[in-house]
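*Asks:* Quick one: the structure is below, questions incoming.
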Amino acid sequence: MADSEDKKGSHRLPVNPRRHKVAPEQRKRVATACNNCNVRRIKCSGEKPCKQCRSASRECVYPMPVEKVTVPKPELDELRRKLEALDRALQDAVPDPARRRELLQRFTPNDATATPPSRQSFSSVRTVDSAGEPTGRRSFSSMRTVDTVESTSSLKSESVDWDMVAPIEGRLLRDAVGNVRFFGETNGDVFLDTIKDYFCIVHQSTPGAFLSSDGLYQTNDSHELRTTDVDPLWLPSAAHMGVGLSELKNFIQDGNGRWRSGGLNWWGDLDTLPITPMVSGLEATDLRPYRHLAFYQAALAVACRATNHEAVSSNGDSPLCETYFARASVLIGNPLDVSRYVFGDAATLALMAVYLIEVNRLDTAYMYVGAATRVCLIEGAHRICGEESGKRVFWTIFNLDRWLSALTGRPPSIPDESIRLPLPLDAPGMPSASGLRAHIELSRIMEHIMNQVHGISPQPGVGMDPARNVDKALAMLDEWRHALPPELVLGRDGLSQDPSCCLLHMMHNQLLILTTRAWLLRVVQDRLTTNEEPKPPSPHIKICMAAARHNMRLARHVMLINQRRKLLHTGLHLLLSSAMCILMQELVYSWVMTQDEIATGHRMVDFAIETFDSEARVGNLYGRDGCRVLRELRQLVTRVALSRHESVLPASEHMPFSPTATSLTRENSHATTSDIAAWTELIGTIDDGWLLGHTNHGS
């Protein structure tokens with residue numbers, strides 16, 4: 001419990017740089033506010049719990065006291081020089097990063113009571129000159145060890161004032177029936193809840209439905225999952241089954257060799273149809289001989305969710321996909337009963353997790369992916385896997401595990417350091433492995449961003465220097481993009497006719513957003529809590545916004561080339577994240593945006609709302625919630641912008657989405673360095689090509 005409080009206590013906003021020092025006897029506020037009051041920049045009563053937290057029924061946590069250390073500046077500079085020299089010597093002596101981490105872990109004191117470097121408050125360290133006078137606070141960037149980041153990208157954070165970057169902390173959120181779940185820093189609901197906190201400061205009197213949901217999240221995990229009253233051995237006709245599995249292959253796997261990428265995943269053999277049992281599942285006394293059918297039942301459940309219109313089962317009271325999943329659940333049995341599982345069941349559990357993600361049951365999906373991973377570990381598939389098909393199944397589960405970890409902000413089931421299985425290779429009779437390999441490398445970068453940038457599960461000995469970790473994450477993403485094979489490179493228009501390739505780049509853009517959106521969140525906080533005009537967009541904010549706009553284009557393009565199929569939960573999540581960033585940009589930077597640029601943002605948000613609305617009309621609850629969130633958030637943004645006399649378009653003048661709209665001009669503001677030009681080239685003519693003005697891309 002103490003460790004939990006220490007972790008919460010370290011997630012606080014830095015001291016306001018505009019705050020004047022006041023003598024203790026003249027202070028009208030307590031010396032240390034609780035974390036909630038600190039984030040909201042409101043007066044704290046100093047009690048435990050304080051009045052604000054007690055009235056809002058929040059957990060009141062105060063930061064753990066940190067002993068202040070006074071170090072003479074010459075001594076501190078000398079220690080830095082020695083540390084830099086030793087770090088360079090270690091890199092020269094031990095080039096292998098994994099070996100260096102092992103050595104650092106071996107010689108790092110294992111003190112459970114010590115505060116990790118990632119959680120220490122740099123504001124508690126003072127430097128003094130030779131006369132003993134304080135030299136003032138130092139930014140994170142000036143405290144860090146200099147290290148060379150191997151990357152073609154020259155964007156650095158050395159000049160960044162890290163005190164001006166708002167942290168996003170994991171938090172406990174409640175569902176509609178009051179169940180409490182923890183979500184980490186990369187979770188979308190946590191990011192949205194942080195934005196709600198800032199808006200609550202402005203609209204305390206009339207919060208409305210959107211702000212009243214502060215501290216809540218939408219999920220279907222609290223609803224009962226149907227797993228009974230089905231015939232587990234029933235299968236559709238061979239023709240219908242072939243169509244369903246072909247849909248699945250075209251959408252989430254190989255597509256019968258149609259795409260050069262080979263798809264991003266490999267679930268197993270979906271070409272060979274199973275033999276329909278001659279006995280009914282309701283009459284069979286032993287279902288163990290038919291366990292392999294659970295794989296096909298789970299695949300058909302996902303295939304039903306991949307189409308625009310869900311069929312209804314024969315009993316007429318439940319979706320067909322739910323019935324397929326119930327059959328798979330009966331056949332596969334208890335996911336915790338490892339005595340009956342073999343490696344072949346791992347793909348079934350993973351496909352069931354995909355279905356659970358689609359119906360917005362992230363907590364249950366988290367359990368199923370964990371079960372699939374543990375089956376692989378028990379079978380030794382993380383080290384030895386003879387067949388290429390089995391190897392690809394393991395890496396597909398690895399990718400799903402990392403993506404679900406990013407969705408929930410929770411640690412993955414297995415660390416990357418424990419995996420010694422080689423990457424997939426091209427094999428006769430199988431689709432190309434290039435898409436799956438690129439997906440694996442991107443998942444590894446995703447793990448680094450979750451652990452070292454957001455601190456979800458930081459590696460001991462690696463360090464949590466914010467500037468270096470952000471630089472390294474951007475460099476890794478840049479290197480990944482430059483190392484892509486030709487079949488995975490986007491065209492000059494920033495698009496591809498391969499939907500798997502488009503989704504891969506959408507995930508890449510989402511990682512750029514996760515790495516840089518803390519800068520955007522900080523200026524949003526200042527915009528809502530102060531009357532000062534924000535500074536021009538920083539390079540990191542420009543990267544965040546460019547990635548968000550590119551994802552909007554890619555999402556629209558994927559919907560055009562997929563035709564009958566819809567965006568799955570992954571695509572919808574990426575679309576929602578991008579739309580929220582675009583709304584935040586309008587809130588903060590509308591004063592430097594042209595009317596055309598504002599109108600472009602409105603059309604992008606309109607497109608996202610219409611996409612979620614169409615999902616809501618076919619019974620997708622995640623689509624319903626996303627549509628509501630974007631509509632209410634846009635109303636708040638417009639209200640705040642107008643109240644501050646910003647130049648924005650009224651809601652009545654929002655230009656509706658139209659595939660024949662004319663293209664808009666490029667944004668007028670440019671960064672002062674060549675780095676932003678490189679990142680703009682990365683996403684392929686972000687504003688000039690917005691798909692609304694180029695209908696030939698979707699033909």
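Residues in the structure tokens are named by chain (A, B, ... in the order shown) and by number from 1 within that chain; ligands are numbered from 1 in the order shown.
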Quick one: pick out all helix (DSSP H, G or I) residues within region 515-546 of chain A from a backbone DSSP run and write them as JSON, numbers by chain.

*Replies:* {"A": [515, 516, 517, 518, 519, 520, 521, 522, 523, 524, 525, 526, 527, 528, 529, 539, 540, 541, 542, 543, 544, 545, 546]}

*Asks:* Which residues are near Met507 (chain A)? Cut-off 9 Å, only C-alpha atoms, ignore same chain within fewer than 3 positions. Put them as a PyMOL selection string.

*Replies:* chain A and resi 442+502-504+510-512+551+570-571+574

*Asks:* Pull C-alpha atoms from the residues just selected and write them as a compact mmCIF listing (two decimals), in the first residue's frame.

*Replies:*
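That gives us part-v2.txt:
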```txt
# COMPACT_ATOMS: atom_id res chain seq x y z
CA LEU A 442 6.51 -1.86 -34.00
CA CYS A 502 -2.54 1.48 -43.84
CA LEU A 503 -3.40 0.03 -40.41
CA LEU A 504 0.29 -0.54 -39.69
CA GLN A 510 -0.59 6.48 -32.72
CA LEU A 511 2.78 5.78 -31.12
CA LEU A 512 3.94 9.24 -32.24
CA ASN A 551 -4.54 8.91 -39.22
CA THR A 570 -8.37 -0.93 -33.30
CA GLY A 571 -9.21 1.43 -36.15
CA LEU A 574 -7.05 5.25 -33.43
```

*Asks:* Which polymer residues have any atom within 8 Å of an atom of Gly184 (chain A), counting only C-alpha atoms, with same-chain residues fewer than 6 positions away left out, as a list in words?

*Replies:*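 Contacts, in chain order: Glu169, Gly170, Arg171, Val190, Thr408, Gly409, Arg410 and Ile456 of chain A.
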
*Asks:* If I take CA of Arg81 (chain A) and CA of Ala473 (chain A), how far is one from the other in Å, to one decimal?

*Replies:*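 Here the two named atoms are 24.9 Å from each other.
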
*Asks:* From the options A:Glu224, A:Asp189, A:Ala299, A:Leu521, which residue's atoms come nearest to Gly244 (chain A), counting only C-alpha atoms?

*Replies:*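 Checking each candidate against Gly244 (chain A), we get A:Ala299 as the closest.
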
*Asks:* Within 8 Å of Ala353 (chain A), counting only C-alpha atoms, which residues qualify if same-chain residues fewer than 5 places away don't, as a PyMOL selection string?

*Replies:* chain A and resi 364-366+368-369

*Asks:* Atoms to include: N, CA and C atoms. Write the selected residues as a compact mmCIF listing (two decimals), in the first residue's frame.

*Replies:*
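The result, stored in out.txt:
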```
# COMPACT_ATOMS: atom_id res chain seq x y z
N THR A 364 -11.87 -8.52 -19.81
CA THR A 364 -11.96 -9.95 -20.11
C THR A 364 -10.95 -10.34 -21.18
N ALA A 365 -10.78 -9.49 -22.20
CA ALA A 365 -9.79 -9.77 -23.24
C ALA A 365 -8.39 -9.82 -22.65
N TYR A 366 -8.10 -8.96 -21.68
CA TYR A 366 -6.79 -8.95 -21.02
C TYR A 366 -6.52 -10.30 -20.36
N TYR A 368 -7.91 -13.26 -21.31
CA TYR A 368 -7.79 -14.28 -22.35
C TYR A 368 -6.42 -14.22 -23.03
N VAL A 369 -5.93 -13.01 -23.30
CA VAL A 369 -4.60 -12.89 -23.90
C VAL A 369 -3.55 -13.41 -22.94
```

*Asks:* Set the distance at 12 Å and use only C-alpha atoms: which residues neighbour Glu358 (chain A) once local chain neighbours fewer than 5 positions away are removed? I'd like the list as number ranges by chain.

*Replies:* A: 219-221, 301-307, 321-322, 325, 351-353, 364-365, 404, 566-573, 615, 619-623

*Asks:* What's the separation between CA of Ser496 (chain A) and CA of Ser434 (chain A), in Å to one decimal place?

*Replies:* 15.4 Å

*Asks:* Counting only C-alpha atoms, which of A:Ile168, A:Cys627, A:Val230, A:Met446 gets nearest to Ile195 (chain A)?

*Replies:*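 Under the stated criterion, the closest residue is A:Ile168.
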
*Asks:* To one decimal place, how far is CA of Ser443 (chain A) from CA of Asn399 (chain A) in Å?

*Replies:*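 We find that CA of Ser443 (chain A) and CA of Asn399 (chain A) lie 5.9 Å from each other.
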
*Asks:* Name the residues in contact with Gly262 (chain A) at a cut-off of 7 Å, using only C-alpha atoms, excluding same-chain residues fewer than 6 positions from it; report them as an NGL selection string.

*Replies:* :A and (254 or 431-435)

*Asks:* Would you save the residues of that selection, restricted to N, CA, C and O atoms, as a short mmCIF file (atom, residue, chain, number, x, y, z; two decimals), in the first residue's frame?

*Replies:*
```
data_model
loop_
_atom_site.label_atom_id
_atom_site.label_comp_id
_atom_site.auth_asym_id
_atom_site.auth_seq_id
_atom_site.Cartn_x
_atom_site.Cartn_y
_atom_site.Cartn_z
N ASP A 254 -4.28 -12.72 -44.38
CA ASP A 254 -3.49 -12.75 -45.59
C ASP A 254 -4.25 -12.26 -46.82
O ASP A 254 -3.68 -11.62 -47.68
N PRO A 431 1.71 -16.83 -46.88
CA PRO A 431 1.85 -15.44 -47.34
C PRO A 431 3.16 -14.84 -46.88
O PRO A 431 3.86 -15.38 -46.00
N SER A 432 3.51 -13.71 -47.45
CA SER A 432 4.74 -13.02 -47.07
C SER A 432 4.73 -12.71 -45.58
O SER A 432 3.70 -12.39 -44.99
N ALA A 433 5.91 -12.78 -44.97
CA ALA A 433 6.05 -12.49 -43.53
C ALA A 433 6.45 -11.06 -43.27
O ALA A 433 6.65 -10.68 -42.11
N SER A 434 6.56 -10.22 -44.30
CA SER A 434 7.07 -8.86 -44.10
C SER A 434 6.13 -8.03 -43.24
O SER A 434 6.58 -7.28 -42.36
N GLY A 435 4.82 -8.16 -43.44
CA GLY A 435 3.88 -7.39 -42.63
C GLY A 435 3.92 -7.80 -41.17
O GLY A 435 3.89 -6.95 -40.28
#
```
